[in-house]
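Down below is the structure, laid out as structure tokens.
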Amino acid sequence: MTLTSDIKPKVLILNAPDKAPIDSVAKLKEMAEFYSIEQASHDAVAGRIAEAVKEKGPFVAFVVFINWWSRPFPWPMDEALVGPLVETGCKMFSAGGAGYDFVDVKYMSSKGIYYANTPKMPALRTADSTAMMILQALRGSSEREADARAGKWFDPSKPLAKDARCSTLGIIGMGNIGKLVSEHMQHFGMKVIYYNRNRLPPDEEKGAEYVSFEDILVRSDVISLHCPLNEDTRHLFNKEVFNRMKDGIIIVNTSRGAVIDENALVEALDSGKVLRAALDVYEFEPQIHPGLIASKHTTLSPHAAVANETFERDQQMEILLNLESFLKTGKPTHVVNDVS
Ligand SMILES: O=C(O)C(=O)CO
């Protein structure tokens, strides 16, 4: 579908793209008429959408410039939220983030609507943070820092830092982020093995070895998660799976918290089966399991792996590119469901 007509199509936005360069917004304002609503809870935003559709609709697209620092989020993006847009012919939704576990993509596909994500913005930022977290966990930096702050000098009776050059990194999920983490950690001398739904073409493996899920469990010294959260990956790491891993494994997660059963992880940390965990994401955000907070063997950050000075600008620009492509060609740049 190409949107060519003298009447400008209407686009509903949630929050303003306040960090994107003015000219990239101005360009789009020439192509479409924008109406905005503000971030709030799911039910409040559902009401605002229904009202906007009634008073200003119909809209061809709905794009969300989420404010990451402000709760509540309006998720899930489901029929109850966007139904009035769908019923009045909206054809494209987009929000920030590589992940889209908060979106009912099945519902959108059944209605022939695109959902477009922003896979480029988080890739390098998350991979950089993951590399830092792998090194922190290998070195036990949280324990050392806690000692230093408590006025204790180096305690060699505590497990010493593991040497990256003698360690194997198992990556679960070899998409954009997994590939960058593999390259980063090979620079530190780690052997990298990976598990993915499908093996990568050889020229994309770049030194990483494709292995079975079982091999990841028994061969890795560190496992880093980079898979999406879906029905197949929810609690992929549970008590039974932790038991099949090497003793003293290190777990790093910058993907989605619910890929791990947090109760099982806390138990595995307490028993020493898991030596350390470095986590950016949690099963019930923004809550962090008290057992993870209490453990001396965790390095924790509040879903901040992507968050640097430029990420909001780049994320907003990626959403605007999705919108621009949709307005020009009828199809956004990064579709997760190709309904064309
Ligand atoms: O890109 C995503 O999906 C994120 O969660 C950013 O941290």
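For the structure tokens, the naming scheme is as follows: chains receive sequential letters (A, B, ...) according to their order of presentation, residues are indexed from 1 within each chain, and ligands are indexed from 1 in presentation order.
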Within 10 Å of ligand 1, which residues of chain A show up? Give each one with its shortest atom-to-atom distance in Å (one decimal) and the two atoms involved, counting only C-alpha atoms and all ligand atoms, rows by chain then rising residue number, as JSON lines.
```
{"residue": "A:Trp68", "atom": "CA", "partner": "ligand 1", "partner_atom_place_in_ligand_line": "6 (C)", "distance": 9.2}
{"residue": "A:Ala95", "atom": "CA", "partner": "ligand 1", "partner_atom_place_in_ligand_line": "3 (O)", "distance": 9.9}
{"residue": "A:Gly96", "atom": "CA", "partner": "ligand 1", "partner_atom_place_in_ligand_line": "1 (O)", "distance": 6.8}
{"residue": "A:Gly97", "atom": "CA", "partner": "ligand 1", "partner_atom_place_in_ligand_line": "1 (O)", "distance": 3.3}
{"residue": "A:Ala98", "atom": "CA", "partner": "ligand 1", "partner_atom_place_in_ligand_line": "1 (O)", "distance": 3.7}
{"residue": "A:Gly99", "atom": "CA", "partner": "ligand 1", "partner_atom_place_in_ligand_line": "3 (O)", "distance": 3.5}
{"residue": "A:Tyr100", "atom": "CA", "partner": "ligand 1", "partner_atom_place_in_ligand_line": "3 (O)", "distance": 6.6}
{"residue": "A:Asp101", "atom": "CA", "partner": "ligand 1", "partner_atom_place_in_ligand_line": "3 (O)", "distance": 8.5}
{"residue": "A:Phe102", "atom": "CA", "partner": "ligand 1", "partner_atom_place_in_ligand_line": "3 (O)", "distance": 9.7}
{"residue": "A:Asn117", "atom": "CA", "partner": "ligand 1", "partner_atom_place_in_ligand_line": "1 (O)", "distance": 8.5}
{"residue": "A:Thr118", "atom": "CA", "partner": "ligand 1", "partner_atom_place_in_ligand_line": "1 (O)", "distance": 7.1}
{"residue": "A:Pro119", "atom": "CA", "partner": "ligand 1", "partner_atom_place_in_ligand_line": "1 (O)", "distance": 6.7}
{"residue": "A:Lys120", "atom": "CA", "partner": "ligand 1", "partner_atom_place_in_ligand_line": "1 (O)", "distance": 8.7}
{"residue": "A:Met121", "atom": "CA", "partner": "ligand 1", "partner_atom_place_in_ligand_line": "1 (O)", "distance": 7.5}
{"residue": "A:Pro122", "atom": "CA", "partner": "ligand 1", "partner_atom_place_in_ligand_line": "1 (O)", "distance": 5.1}
{"residue": "A:Ala123", "atom": "CA", "partner": "ligand 1", "partner_atom_place_in_ligand_line": "1 (O)", "distance": 7.8}
{"residue": "A:Arg125", "atom": "CA", "partner": "ligand 1", "partner_atom_place_in_ligand_line": "7 (O)", "distance": 8.9}
{"residue": "A:Thr126", "atom": "CA", "partner": "ligand 1", "partner_atom_place_in_ligand_line": "7 (O)", "distance": 7.1}
{"residue": "A:Ile177", "atom": "CA", "partner": "ligand 1", "partner_atom_place_in_ligand_line": "1 (O)", "distance": 9.9}
{"residue": "A:Pro228", "atom": "CA", "partner": "ligand 1", "partner_atom_place_in_ligand_line": "3 (O)", "distance": 8.6}
{"residue": "A:Leu229", "atom": "CA", "partner": "ligand 1", "partner_atom_place_in_ligand_line": "3 (O)", "distance": 10.0}
{"residue": "A:Thr254", "atom": "CA", "partner": "ligand 1", "partner_atom_place_in_ligand_line": "7 (O)", "distance": 7.6}
{"residue": "A:Ser255", "atom": "CA", "partner": "ligand 1", "partner_atom_place_in_ligand_line": "5 (O)", "distance": 6.8}
{"residue": "A:Arg256", "atom": "CA", "partner": "ligand 1", "partner_atom_place_in_ligand_line": "5 (O)", "distance": 7.2}
{"residue": "A:Asp280", "atom": "CA", "partner": "ligand 1", "partner_atom_place_in_ligand_line": "7 (O)", "distance": 8.5}
{"residue": "A:Val281", "atom": "CA", "partner": "ligand 1", "partner_atom_place_in_ligand_line": "5 (O)", "distance": 8.2}
{"residue": "A:Pro302", "atom": "CA", "partner": "ligand 1", "partner_atom_place_in_ligand_line": "7 (O)", "distance": 9.8}
{"residue": "A:His303", "atom": "CA", "partner": "ligand 1", "partner_atom_place_in_ligand_line": "7 (O)", "distance": 6.0}
{"residue": "A:Ala304", "atom": "CA", "partner": "ligand 1", "partner_atom_place_in_ligand_line": "7 (O)", "distance": 6.3}
{"residue": "A:Ala305", "atom": "CA", "partner": "ligand 1", "partner_atom_place_in_ligand_line": "7 (O)", "distance": 5.8}
{"residue": "A:Val306", "atom": "CA", "partner": "ligand 1", "partner_atom_place_in_ligand_line": "7 (O)", "distance": 5.1}
{"residue": "A:Ala307", "atom": "CA", "partner": "ligand 1", "partner_atom_place_in_ligand_line": "7 (O)", "distance": 7.3}
{"residue": "A:Phe311", "atom": "CA", "partner": "ligand 1", "partner_atom_place_in_ligand_line": "6 (C)", "distance": 9.4}
{"residue": "A:Gln315", "atom": "CA", "partner": "ligand 1", "partner_atom_place_in_ligand_line": "1 (O)", "distance": 9.1}
```
Check stretch 30-150 of chain A with DSSP on the backbone and list each residue it calls strand (DSSP E or B), as a ChimeraX atom specification. /A:33-37,61-64,77,92-95,103,114-116
Measuring between only C-alpha atoms, which one of A:Ile171, A:Leu28, A:Ser142, A:Asp104 shows the shortest distance to A:Ile293?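 Answer, going by the shortest atom-to-atom distance: A:Ser142.
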Stretch 160-311 of chain A: which residues are alpha helix (DSSP H) by DSSP, as a compact mmCIF listing (two decimals) with C-alpha atoms, in the first residue's frame?
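Written out: states_20.txt:
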```
# COMPACT_ATOMS: atom_id res chain seq x y z
CA ASN A 176 22.71 -8.93 16.17
CA ILE A 177 23.66 -8.74 19.86
CA GLY A 178 24.92 -12.32 20.24
CA LYS A 179 27.22 -11.88 17.23
CA LEU A 180 28.74 -8.67 18.62
CA VAL A 181 29.23 -10.24 22.07
CA SER A 182 31.00 -13.16 20.38
CA GLU A 183 33.40 -10.80 18.58
CA HIS A 184 34.01 -8.66 21.69
CA MET A 185 34.82 -11.65 23.90
CA GLN A 186 37.08 -13.34 21.36
CA HIS A 187 39.21 -10.18 21.62
CA PRO A 202 29.89 -19.83 7.96
CA ASP A 203 30.93 -16.26 7.03
CA GLU A 204 28.74 -14.91 9.87
CA GLU A 205 30.10 -17.27 12.54
CA PHE A 213 21.89 -26.78 23.61
CA GLU A 214 23.22 -29.66 25.73
CA ASP A 215 26.81 -28.84 24.70
CA ILE A 216 26.30 -25.22 25.77
CA LEU A 217 25.30 -26.48 29.22
CA VAL A 218 28.20 -28.87 29.73
CA ARG A 219 31.02 -26.98 27.97
CA LYS A 239 16.17 -25.88 38.10
CA GLU A 240 16.57 -28.98 35.97
CA VAL A 241 18.63 -27.12 33.35
CA PHE A 242 20.87 -25.48 35.98
CA ASN A 243 21.57 -28.97 37.35
CA ARG A 244 22.85 -30.10 33.94
CA GLU A 262 14.60 -16.52 39.07
CA ASN A 263 13.72 -18.75 42.04
CA ALA A 264 15.82 -21.51 40.48
CA LEU A 265 18.70 -19.09 39.86
CA VAL A 266 18.69 -17.86 43.44
CA GLU A 267 18.76 -21.49 44.64
CA ALA A 268 21.63 -22.30 42.25
CA LEU A 269 23.59 -19.22 43.44
CA ASP A 270 23.02 -20.13 47.08
CA SER A 271 24.19 -23.71 46.52
CA PRO A 290 15.28 -10.19 46.95
CA GLY A 291 17.49 -13.31 46.73
CA LEU A 292 19.41 -11.74 43.83
CA ILE A 293 19.85 -8.51 45.78
CA ALA A 294 20.98 -10.39 48.89
CA PHE A 311 20.33 5.85 22.87
```
Neighbouring residues of A:Arg197 were defined as those with any atom within 12 Å, considering only C-alpha atoms; residues of the same chain fewer than 2 positions away were excluded. Please report them as a PDB file with all heavy atoms, in the first residue's frame.
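What landed in selection.pdb:
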```pdb
ATOM      1  N   ILE A 172      23.569 -18.065  23.902  1.00  0.00           N
ATOM      2  CA  ILE A 172      22.256 -18.577  23.500  1.00  0.00           C
ATOM      3  C   ILE A 172      21.587 -17.460  22.709  1.00  0.00           C
ATOM      4  O   ILE A 172      21.253 -16.418  23.273  1.00  0.00           O
ATOM      5  CB  ILE A 172      21.371 -18.903  24.730  1.00  0.00           C
ATOM      6  CG1 ILE A 172      22.069 -19.856  25.684  1.00  0.00           C
ATOM      7  CG2 ILE A 172      19.998 -19.401  24.297  1.00  0.00           C
ATOM      8  CD1 ILE A 172      21.910 -21.306  25.422  1.00  0.00           C
ATOM      9  N   GLY A 173      21.414 -17.660  21.392  1.00  0.00           N
ATOM     10  CA  GLY A 173      20.783 -16.647  20.555  1.00  0.00           C
ATOM     11  C   GLY A 173      21.839 -15.831  19.833  1.00  0.00           C
ATOM     12  O   GLY A 173      22.485 -14.978  20.440  1.00  0.00           O
ATOM     13  N   MET A 174      22.027 -16.136  18.547  1.00  0.00           N
ATOM     14  CA  MET A 174      23.115 -15.484  17.806  1.00  0.00           C
ATOM     15  C   MET A 174      22.523 -14.495  16.792  1.00  0.00           C
ATOM     16  O   MET A 174      22.754 -14.581  15.589  1.00  0.00           O
ATOM     17  CB  MET A 174      23.935 -16.585  17.137  1.00  0.00           C
ATOM     18  CG  MET A 174      25.332 -16.212  16.794  1.00  0.00           C
ATOM     19  SD  MET A 174      26.348 -15.790  18.214  1.00  0.00           S
ATOM     20  CE  MET A 174      27.954 -16.180  17.534  1.00  0.00           C
ATOM     21  N   GLY A 175      21.738 -13.542  17.327  1.00  0.00           N
ATOM     22  CA  GLY A 175      21.243 -12.442  16.482  1.00  0.00           C
ATOM     23  C   GLY A 175      22.274 -11.321  16.501  1.00  0.00           C
ATOM     24  O   GLY A 175      23.459 -11.547  16.778  1.00  0.00           O
ATOM     25  N   TYR A 194      28.099 -21.388  20.379  1.00  0.00           N
ATOM     26  CA  TYR A 194      26.770 -20.765  20.393  1.00  0.00           C
ATOM     27  C   TYR A 194      25.694 -21.773  20.041  1.00  0.00           C
ATOM     28  O   TYR A 194      25.938 -22.767  19.350  1.00  0.00           O
ATOM     29  CB  TYR A 194      26.711 -19.559  19.446  1.00  0.00           C
ATOM     30  CG  TYR A 194      26.610 -19.899  17.960  1.00  0.00           C
ATOM     31  CD1 TYR A 194      25.373 -19.932  17.319  1.00  0.00           C
ATOM     32  CD2 TYR A 194      27.754 -20.180  17.215  1.00  0.00           C
ATOM     33  CE1 TYR A 194      25.276 -20.226  15.963  1.00  0.00           C
ATOM     34  CE2 TYR A 194      27.662 -20.477  15.859  1.00  0.00           C
ATOM     35  CZ  TYR A 194      26.422 -20.495  15.227  1.00  0.00           C
ATOM     36  OH  TYR A 194      26.334 -20.794  13.893  1.00  0.00           O
ATOM     37  N   TYR A 195      24.499 -21.468  20.568  1.00  0.00           N
ATOM     38  CA  TYR A 195      23.312 -22.241  20.197  1.00  0.00           C
ATOM     39  C   TYR A 195      22.280 -21.253  19.673  1.00  0.00           C
ATOM     40  O   TYR A 195      22.057 -20.198  20.252  1.00  0.00           O
ATOM     41  CB  TYR A 195      22.754 -23.003  21.411  1.00  0.00           C
ATOM     42  CG  TYR A 195      21.457 -23.689  21.084  1.00  0.00           C
ATOM     43  CD1 TYR A 195      21.446 -24.813  20.270  1.00  0.00           C
ATOM     44  CD2 TYR A 195      20.243 -23.178  21.542  1.00  0.00           C
ATOM     45  CE1 TYR A 195      20.248 -25.419  19.914  1.00  0.00           C
ATOM     46  CE2 TYR A 195      19.045 -23.779  21.194  1.00  0.00           C
ATOM     47  CZ  TYR A 195      19.059 -24.892  20.380  1.00  0.00           C
ATOM     48  OH  TYR A 195      17.877 -25.486  20.020  1.00  0.00           O
ATOM     49  N   ARG A 199      21.767 -22.790  12.463  1.00  0.00           N
ATOM     50  CA  ARG A 199      23.179 -22.446  12.367  1.00  0.00           C
ATOM     51  C   ARG A 199      23.350 -21.230  11.448  1.00  0.00           C
ATOM     52  O   ARG A 199      22.638 -21.086  10.442  1.00  0.00           O
ATOM     53  CB  ARG A 199      23.931 -23.656  11.785  1.00  0.00           C
ATOM     54  CG  ARG A 199      25.400 -23.426  11.757  1.00  0.00           C
ATOM     55  CD  ARG A 199      26.188 -24.609  11.295  1.00  0.00           C
ATOM     56  NE  ARG A 199      27.577 -24.169  11.243  1.00  0.00           N
ATOM     57  CZ  ARG A 199      28.603 -24.964  11.081  1.00  0.00           C
ATOM     58  NH1 ARG A 199      28.413 -26.260  10.943  1.00  0.00           N
ATOM     59  NH2 ARG A 199      29.818 -24.474  11.036  1.00  0.00           N
ATOM     60  N   LEU A 200      24.296 -20.359  11.789  1.00  0.00           N
ATOM     61  CA  LEU A 200      24.562 -19.186  10.934  1.00  0.00           C
ATOM     62  C   LEU A 200      25.326 -19.631   9.695  1.00  0.00           C
ATOM     63  O   LEU A 200      26.049 -20.635   9.737  1.00  0.00           O
ATOM     64  CB  LEU A 200      25.434 -18.175  11.677  1.00  0.00           C
ATOM     65  CG  LEU A 200      24.891 -17.521  12.935  1.00  0.00           C
ATOM     66  CD1 LEU A 200      25.926 -16.530  13.477  1.00  0.00           C
ATOM     67  CD2 LEU A 200      23.589 -16.796  12.665  1.00  0.00           C
ATOM     68  N   TYR A 210      29.181 -23.611  16.326  1.00  0.00           N
ATOM     69  CA  TYR A 210      27.765 -23.959  16.551  1.00  0.00           C
ATOM     70  C   TYR A 210      27.682 -25.296  17.264  1.00  0.00           C
ATOM     71  O   TYR A 210      28.289 -26.277  16.822  1.00  0.00           O
ATOM     72  CB  TYR A 210      27.045 -24.044  15.198  1.00  0.00           C
ATOM     73  CG  TYR A 210      25.567 -24.341  15.305  1.00  0.00           C
ATOM     74  CD1 TYR A 210      24.718 -23.496  16.012  1.00  0.00           C
ATOM     75  CD2 TYR A 210      25.008 -25.464  14.685  1.00  0.00           C
ATOM     76  CE1 TYR A 210      23.358 -23.746  16.097  1.00  0.00           C
ATOM     77  CE2 TYR A 210      23.647 -25.725  14.760  1.00  0.00           C
ATOM     78  CZ  TYR A 210      22.826 -24.859  15.474  1.00  0.00           C
ATOM     79  OH  TYR A 210      21.479 -25.111  15.565  1.00  0.00           O
ATOM     80  N   VAL A 211      26.955 -25.347  18.379  1.00  0.00           N
ATOM     81  CA  VAL A 211      26.839 -26.597  19.149  1.00  0.00           C
ATOM     82  C   VAL A 211      25.381 -26.799  19.568  1.00  0.00           C
ATOM     83  O   VAL A 211      24.536 -25.913  19.388  1.00  0.00           O
ATOM     84  CB  VAL A 211      27.735 -26.560  20.422  1.00  0.00           C
ATOM     85  CG1 VAL A 211      29.206 -26.377  20.072  1.00  0.00           C
ATOM     86  CG2 VAL A 211      27.275 -25.466  21.391  1.00  0.00           C
ATOM     87  N   SER A 212      25.105 -27.970  20.156  1.00  0.00           N
ATOM     88  CA  SER A 212      23.741 -28.247  20.627  1.00  0.00           C
ATOM     89  C   SER A 212      23.493 -27.503  21.946  1.00  0.00           C
ATOM     90  O   SER A 212      24.443 -27.060  22.615  1.00  0.00           O
ATOM     91  CB  SER A 212      23.569 -29.750  20.862  1.00  0.00           C
ATOM     92  OG  SER A 212      24.411 -30.135  21.928  1.00  0.00           O
ATOM     93  N   PHE A 213      22.232 -27.413  22.333  1.00  0.00           N
ATOM     94  CA  PHE A 213      21.886 -26.777  23.608  1.00  0.00           C
ATOM     95  C   PHE A 213      22.580 -27.514  24.755  1.00  0.00           C
ATOM     96  O   PHE A 213      23.123 -26.896  25.674  1.00  0.00           O
ATOM     97  CB  PHE A 213      20.361 -26.792  23.790  1.00  0.00           C
ATOM     98  CG  PHE A 213      19.891 -26.083  25.025  1.00  0.00           C
ATOM     99  CD1 PHE A 213      20.052 -24.713  25.170  1.00  0.00           C
ATOM    100  CD2 PHE A 213      19.280 -26.789  26.061  1.00  0.00           C
ATOM    101  CE1 PHE A 213      19.619 -24.053  26.314  1.00  0.00           C
ATOM    102  CE2 PHE A 213      18.848 -26.134  27.209  1.00  0.00           C
ATOM    103  CZ  PHE A 213      19.010 -24.767  27.336  1.00  0.00           C
ATOM    104  N   CYS A 227      18.562 -14.367  23.554  1.00  0.00           N
ATOM    105  CA  CYS A 227      17.411 -14.860  22.776  1.00  0.00           C
ATOM    106  C   CYS A 227      16.179 -14.020  23.112  1.00  0.00           C
ATOM    107  O   CYS A 227      16.122 -13.391  24.170  1.00  0.00           O
ATOM    108  CB  CYS A 227      17.169 -16.329  23.090  1.00  0.00           C
ATOM    109  SG  CYS A 227      16.978 -16.649  24.844  1.00  0.00           S
ATOM    110  N   PRO A 228      15.182 -14.014  22.210  1.00  0.00           N
ATOM    111  CA  PRO A 228      13.949 -13.298  22.542  1.00  0.00           C
ATOM    112  C   PRO A 228      13.151 -14.072  23.592  1.00  0.00           C
ATOM    113  O   PRO A 228      13.373 -15.281  23.754  1.00  0.00           O
ATOM    114  CB  PRO A 228      13.185 -13.276  21.212  1.00  0.00           C
ATOM    115  CG  PRO A 228      13.742 -14.379  20.397  1.00  0.00           C
ATOM    116  CD  PRO A 228      15.145 -14.635  20.880  1.00  0.00           C
ATOM    117  N   ASP A 232       8.595 -20.488  23.800  1.00  0.00           N
ATOM    118  CA  ASP A 232       9.640 -21.519  23.811  1.00  0.00           C
ATOM    119  C   ASP A 232      10.773 -21.190  24.776  1.00  0.00           C
ATOM    120  O   ASP A 232      11.505 -22.085  25.201  1.00  0.00           O
ATOM    121  CB  ASP A 232      10.265 -21.673  22.402  1.00  0.00           C
ATOM    122  CG  ASP A 232       9.242 -22.183  21.413  1.00  0.00           C
ATOM    123  OD1 ASP A 232       8.334 -22.917  21.839  1.00  0.00           O
ATOM    124  OD2 ASP A 232       9.346 -21.817  20.218  1.00  0.00           O
ATOM    125  N   THR A 233      10.979 -19.906  25.053  1.00  0.00           N
ATOM    126  CA  THR A 233      12.161 -19.548  25.865  1.00  0.00           C
ATOM    127  C   THR A 233      11.813 -19.141  27.298  1.00  0.00           C
ATOM    128  O   THR A 233      12.713 -18.950  28.101  1.00  0.00           O
ATOM    129  CB  THR A 233      12.960 -18.401  25.203  1.00  0.00           C
ATOM    130  OG1 THR A 233      12.103 -17.257  25.088  1.00  0.00           O
ATOM    131  CG2 THR A 233      13.492 -18.789  23.836  1.00  0.00           C
TER     132      THR A 233
END
```
Using only C-alpha atoms, which protein or nucleic acid residues come within 8 Å of A:Ser109? Drop anything in the same chain fewer than 5 positions from it, and give the result as a PyMOL selection string. chain A and resi 114+337+339
Keeping C-alpha atoms for every residue in the selection just given, could you write it to a file as a PDB file, in the first residue's frame?
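Result file part.pdb:
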```pdb
ATOM      1  CA  TYR A 114       2.875  -4.520  10.602  1.00  0.00           C
ATOM      2  CA  ASN A 337       5.835  -9.815  10.912  1.00  0.00           C
ATOM      3  CA  VAL A 339       2.199  -9.247   6.379  1.00  0.00           C
TER       4      VAL A 339
END
```
Exercise: stretch 316-325 of chain A partners within 9 Å, only C-alpha atoms, chain neighbours under 5 positions left out, as a ChimeraX atom specification: /A:17-21,24-25,27-28,31,61,63-65,92-96,116-121,311,330-335
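Considering only C-alpha atoms, the residue among A:Lys296, A:His42, A:Gly57, A:Arg234 positioned nearest to A:Glu283 is A:Arg234.
Using only C-alpha atoms for every distance, the candidate list A:Asp43, A:Asp221, A:Glu79, A:Glu209 yields A:Asp221 as the residue closest to A:Leu138.
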Separation of atom CA of A:Thr130 from atom CA of A:Thr298, in Å and rounded to one decimal: 14.1 Å
Pick the closest to A:Phe62 from A:Lys106, A:Arg144, A:Lys29, A:Lys10: which is it, counting only C-alpha atoms? A:Lys10
